[in-house]
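First up is the structure itself, then whatever we jot down about it.
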Amino acid sequence: MFDNYKNKFVPLIIPIILIFFWYLITNGLGLFSSYILPGPLDVLNSARVVIENGKLLTNTVDTLFKVFAGLICASVVAIPCGILLGWYKTLEDLCTFVISVLRPIPPVAWIPFSILWFGIGTFPAVFIIFMGCVFPILVYTIDGVKRTDKVLVESAQTLGANDWNVLKRVVVPSAVPYIVSGLKVGIGIALMCTISAEMIGSSSGLGYMILTATNLFDTGTTVVGMLVIGLIGLAFDFVFTKAQDRIFW
Amino acid sequence: MSIEVKNINKSFEGKKSDKLSVLENINVHIDDGQLVCLLGPSGCGKTTLLRLIAGLDNPTSGEIVANGEVVEKPSGDRAVIFQQYSLFPWLTVLQNVTFGLEMTNKGNKAENIAAAERYLTSVGLIDFKDSYPHELSGGMKQRVAIIRSLLNHSPILLMDEPFSALDMQNRHKLQEQLIGVWKRFENTIVFVTHDVDEAVYLADKIVIMDKNPGRIVEIIEVDIERPRKRESEDFIKLQESIVDKLDMEE
C-alpha cells in the first residue's frame with residue numbers, strides 16, 4: 001500500500017522542487033522583473049484572467065481543432081498510401097526518391113507557401129500540420145506492412161485467402177501497432193507545427209495567444225500557454241500509451 | 001487427393017551467380033489418404049519440397065500435380081501447418097479456427113461456429129475458445145493450427161515439423177491425436193520431420209532424404225499395424241535400420 005503511494009509521489013518530487021526555486025528567485029527574492037521571468041504567482045494570476053475571460057478555452061479548442069484536422073487529413077492520405085507502398089515493392093521503388101527528399105524538409109518551411117496558397121487562418125495551419133504528420137505516419141505504416149510475419153501471410157494463403165483478404169485480414173491488422181506508433185509521433189509533431197503556424201499565419205489558437213501576450217509584456221499569459229501545450233502533449237501521450245497497451249500483438 | 005511429384009529440381013541463386021542446388025531430381029507418388037513422412041537431416045531440402053507442394057515456392061524445373069492439377073500457387077486445398085506458430089495474434093482461438101471458412105465462404109456463420117466448437121471440444125480446447133494465442137502453450141497453439149486446417153476441409157495437410165518445439169510427452173500425445181483425426185477425415189498428409197521415431201510412428205511411407213544436393217535416398221513402405229507400439233519388435237527394428245541408413249550417408 002505504501003509502495004503505491006510512493007510510486008505516485010516520486011515523479012512529483014522534482015516538479016515541486018523546481019516550482020519552489022522558481023518561486024524563490026522570482027516572487028520570493030525578486031531577482032528578475034516579471035516581464036523577464038514571471039513568477040508562479042504572476043502565472044496563476046494570468047491564468048485566472050484568461051480562464052475568466054474565456055480566451056484560454058477558445059484558443060485551446062481552436063488549437064486542438066487544427067491539430068485533429070491536420071492529423072486526420074494526414075492519416076487519410078498516409079495510412080492507405082503506406083499500406084500500398086509497403087505491399088507493392090514496385091510502387092515503393094517509384095515513390096521512394098520523392099519521399100526521401102520531401103521528408104527531411106521541416107514543416108515550418110512550408111509556412112510561406114501555406115500563406116500564399118491559403119491566406120491567414122485555420123487552413124494554412126492545417127496544411128502545415130498535414131505536411132508535418134504525413135511522412136512519419138507514412139513511413140511507420142510502410143514499415144509495419146513490411147514487417148508482417150511471412151508465416152501469417154502464407155498461412156492465410158493456404159487457408160484459401162485471396163490477395164485482397166490477405167491484405168485486409170492479415171497485413172493491415174499486423175501493421176496496426178506500427179500505425180499507432182506513427183500516429184503518436186505524428187500528434188507530437190502536429191502540436192509543434194500548430195504553435196509555429198499560429199505564431200506566423202494565424203489570428204487564433206494558443207500560439208497566437210502566446211505571441212500576442214509576449215508583445216504586450218504579459219509574460220504570465222505566455223507561460224500559461226506554454227504549460228497548456230505541455231499538458232495537452234501529456235494527455236495525448238497518456239491516451240496513446242493506453243491504446244498501445246490494448247494492442248498486444 | 002493424390003500428389004505426384006515429377007522430376008523436381010530446385011536451385012537458388014547464390015553469390016557470384018553460381019547456383020545452389022537444393023533439390024535434385026525428386027520423384028514421389030503419394031496416394032489419396034496416405035500419410036507420408038519426409039525424413040532427413042537439416043539442409044536436405046525437405047521443407048523446400050513441402051513448400052513446393054504447397055505452391056508457396058515454384059520449382060526450377062519439373063512439376064507437381066495435386067488431384068490432377070499442376071500446382072502453381074497456394075490454395076485452400078493444401079493447408080500448411082508451419083513449424084513456427086502461425087495463429088493470427090489479433091484473433092481469438094475461435095476466430096482463428098473459422099478464418100479459412102470465412103475466406104472460402106463455406107457454410108453460414110452459425111454452422112461454422114458450431115462446427116468449430118465441436119472440433120475444439122474434441123481436442124479439449126473449448127474452454128480457450130475466447131482466449132488469444134499468446135495465452136496458449138506451444139502444444140495448444142499447434143492443436144489450434146491443425147484444427148484450423150481440418151475445419152477448412154483441406155484434403156491435403158502439409159506439416160512442417162509441427163511438433164518439434166514441444167516436449168516429448170506433448171509430442172507423443174499430439175502424434176496420437178493426429179493419427180486420430182487422419183483416420184476420421186481421411187486427409188492426405190505430408191509430414192516433414194528429422195525425428196526417426198516420429199516418422200516410424202506416423203507414416204505409411206517414409207521418404208528418406210539426404211543433403212548436398214537434396215535428394216531422395218530411399219522410399220520405405222511402413223506396414224506396421226496401427227496403433228503402433230514404440231516398444232514392439234517391428235518398430236524398433238525399422239527404426240534401427242533407418243538410423244543406419246541415415247548414418248551411412250553422413
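How things are named: the first chain in the C-alpha cells is A, the next is B, and so on; residues count from 1 in each chain; ligands count from 1 in the order shown.
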
*asked:* Applying 10 Å and only C-alpha atoms, which residues near Asn170 of chain B remain after dropping the ones on its own chain fewer than 4 positions away? List them as a PyMOL selection string.
replied: chain B and resi 138-140+163+165-166+174-176

*Dump as a list in words the residues of chain A that approach chain B to within 6 Å, counting only C-alpha atoms.*
Leu152, Gln157, Thr158, Leu159, Gly160, Ala161 and Trp249 of chain A

*What is the atom CA of Ile51 of chain A-atom CA of Lys8 of chain A distance in Å, reported with one decimal?*
28.4 Å

*Using only C-alpha atoms, determine which residues lie at most 7 Å from segment 36-40 of chain B, disregarding the query and same-chain residues fewer than 5 positions distant; provide the list as an MDAnalysis selection string.*
chainID B and resid 46 189:194 199 203:210

*Taking the chain letters and numbering used in this document, name the residues of segment 28-144 of chain B that DSSP puts in helix (DSSP H, G or I), as a PyMOL selection string.*
chain B and resi 46-54+93-97+99-104+109-122+126-128+133-135+138-144

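Using only C-alpha atoms, the protein and nucleic acid residues lying no more than 7 Å from Ile187 of chain A, apart from those fewer than 4 places from it along its own chain, are Leu71, Leu183 and Leu191 of chain A.
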
*asked:* When you look at Arg103 of chain A with a cut-off of 9 Å (counting only C-alpha atoms), what residues show up, excluding the ones that are within fewer than 6 positions of it in the same chain? I need them as a list in words.
replied: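 Here the answer would be Met131, Gly132, Val134, Phe135 and Pro136 of chain A.
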
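Contact shell of Tyr119 of chain B at 10 Å (only C-alpha atoms; same-chain neighbours under 2 positions omitted): Val97, Ile113, Ala114, Ala115, Ala116, Glu117, Thr121, Ser122, Val123, Gly124, Leu125, Ile126, Val144, Ile147, Arg148, Leu150 and Leu151 of chain B.
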
Take the residues from that selection and write them out as a PDB file, in the first residue's frame, keeping C-alpha atoms.
ATOM      1  CA  VAL B  97     -10.251 -21.561 -36.362  1.00  0.00           C
ATOM      2  CA  ILE B 113     -19.092 -21.600 -35.200  1.00  0.00           C
ATOM      3  CA  ALA B 114     -20.942 -24.726 -34.091  1.00  0.00           C
ATOM      4  CA  ALA B 115     -18.536 -26.920 -36.076  1.00  0.00           C
ATOM      5  CA  ALA B 116     -15.525 -25.049 -34.702  1.00  0.00           C
ATOM      6  CA  GLU B 117     -16.781 -25.525 -31.156  1.00  0.00           C
ATOM      7  CA  THR B 121     -14.205 -29.763 -27.733  1.00  0.00           C
ATOM      8  CA  SER B 122     -12.733 -32.904 -29.285  1.00  0.00           C
ATOM      9  CA  VAL B 123      -9.174 -31.776 -28.508  1.00  0.00           C
ATOM     10  CA  GLY B 124     -10.057 -30.301 -25.120  1.00  0.00           C
ATOM     11  CA  LEU B 125      -9.607 -26.647 -26.053  1.00  0.00           C
ATOM     12  CA  ILE B 126     -13.208 -25.463 -25.856  1.00  0.00           C
ATOM     13  CA  VAL B 144      -5.473 -24.903 -32.846  1.00  0.00           C
ATOM     14  CA  ILE B 147      -7.979 -27.674 -36.259  1.00  0.00           C
ATOM     15  CA  ARG B 148      -7.970 -24.503 -38.342  1.00  0.00           C
ATOM     16  CA  LEU B 150      -9.132 -29.541 -40.615  1.00  0.00           C
ATOM     17  CA  LEU B 151     -12.203 -27.363 -40.275  1.00  0.00           C
TER      18      LEU B 151
END

*Would you mind reading off the distance between atom CA of Thr60 of chain A and atom CA of Val228 of chain A, one decimal, in Å?*
8.0 Å

*For atom CA of Ala197 of chain A and atom CA of Ala125 of chain A, quote the distance in Å rounded to one decimal.*
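Separating atom CA of Ala197 of chain A from atom CA of Ala125 of chain A is a distance of 5.3 Å.
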
*asked:* Residues within 7 Å of Pro38 of chain A, please, as an NGL selection string. Count only C-alpha atoms; anything in the same chain fewer than 4 positions from it doesn't count.
replied: :A and (26 or 34 or 42-43 or 219-220)

Store the residues picked out above in a file with C-alpha atoms, as a JSON list (two decimals), in the first residue's frame.
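Output below, filename part17.json:
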[["chain", "number", "residue", "atom", "x", "y", "z"],
["A", 26, "THR", "CA", 11.09, 35.49, -8.80],
["A", 34, "SER", "CA", 8.19, 39.83, -14.00],
["A", 42, "ASP", "CA", 2.11, 36.04, -11.83],
["A", 43, "VAL", "CA", 1.35, 32.96, -13.89],
["A", 219, "THR", "CA", 4.66, 37.07, -19.96],
["A", 220, "GLY", "CA", 2.46, 35.35, -17.35]]

Just the strand (DSSP E or B) stuff from segment 84-159 of chain B, please, per backbone DSSP, written as a PDB file with C-alpha atoms, in the first residue's frame.
ATOM      1  CA  ILE B 156      -4.220 -32.261 -48.118  1.00  0.00           C
ATOM      2  CA  LEU B 157      -2.384 -31.324 -44.938  1.00  0.00           C
ATOM      3  CA  LEU B 158       1.246 -30.324 -45.277  1.00  0.00           C
ATOM      4  CA  MET B 159       3.017 -30.315 -41.926  1.00  0.00           C
TER       5      MET B 159
END

*So which one's closest to Asp197 of chain B, B:Val28, B:Ile242, B:Ala66, B:Ile146? Using only C-alpha atoms, please.*
B:Ile242

*asked:* Nearest residue to Ile236 of chain B out of B:Val200, B:Ile8, B:Pro213, B:Ser21, using only C-alpha atoms?
replied: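 Selected residue with least distance to Ile236 of chain B: B:Val200.
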
*Given the choices A:Ile83, A:Phe32, A:Thr96, A:Pro40, which gets closest to Ile16 of chain A if the distance is worked out from only C-alpha atoms?*
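Comparing A:Ile83, A:Phe32, A:Thr96, A:Pro40 against Ile16 of chain A, the winner is A:Pro40.
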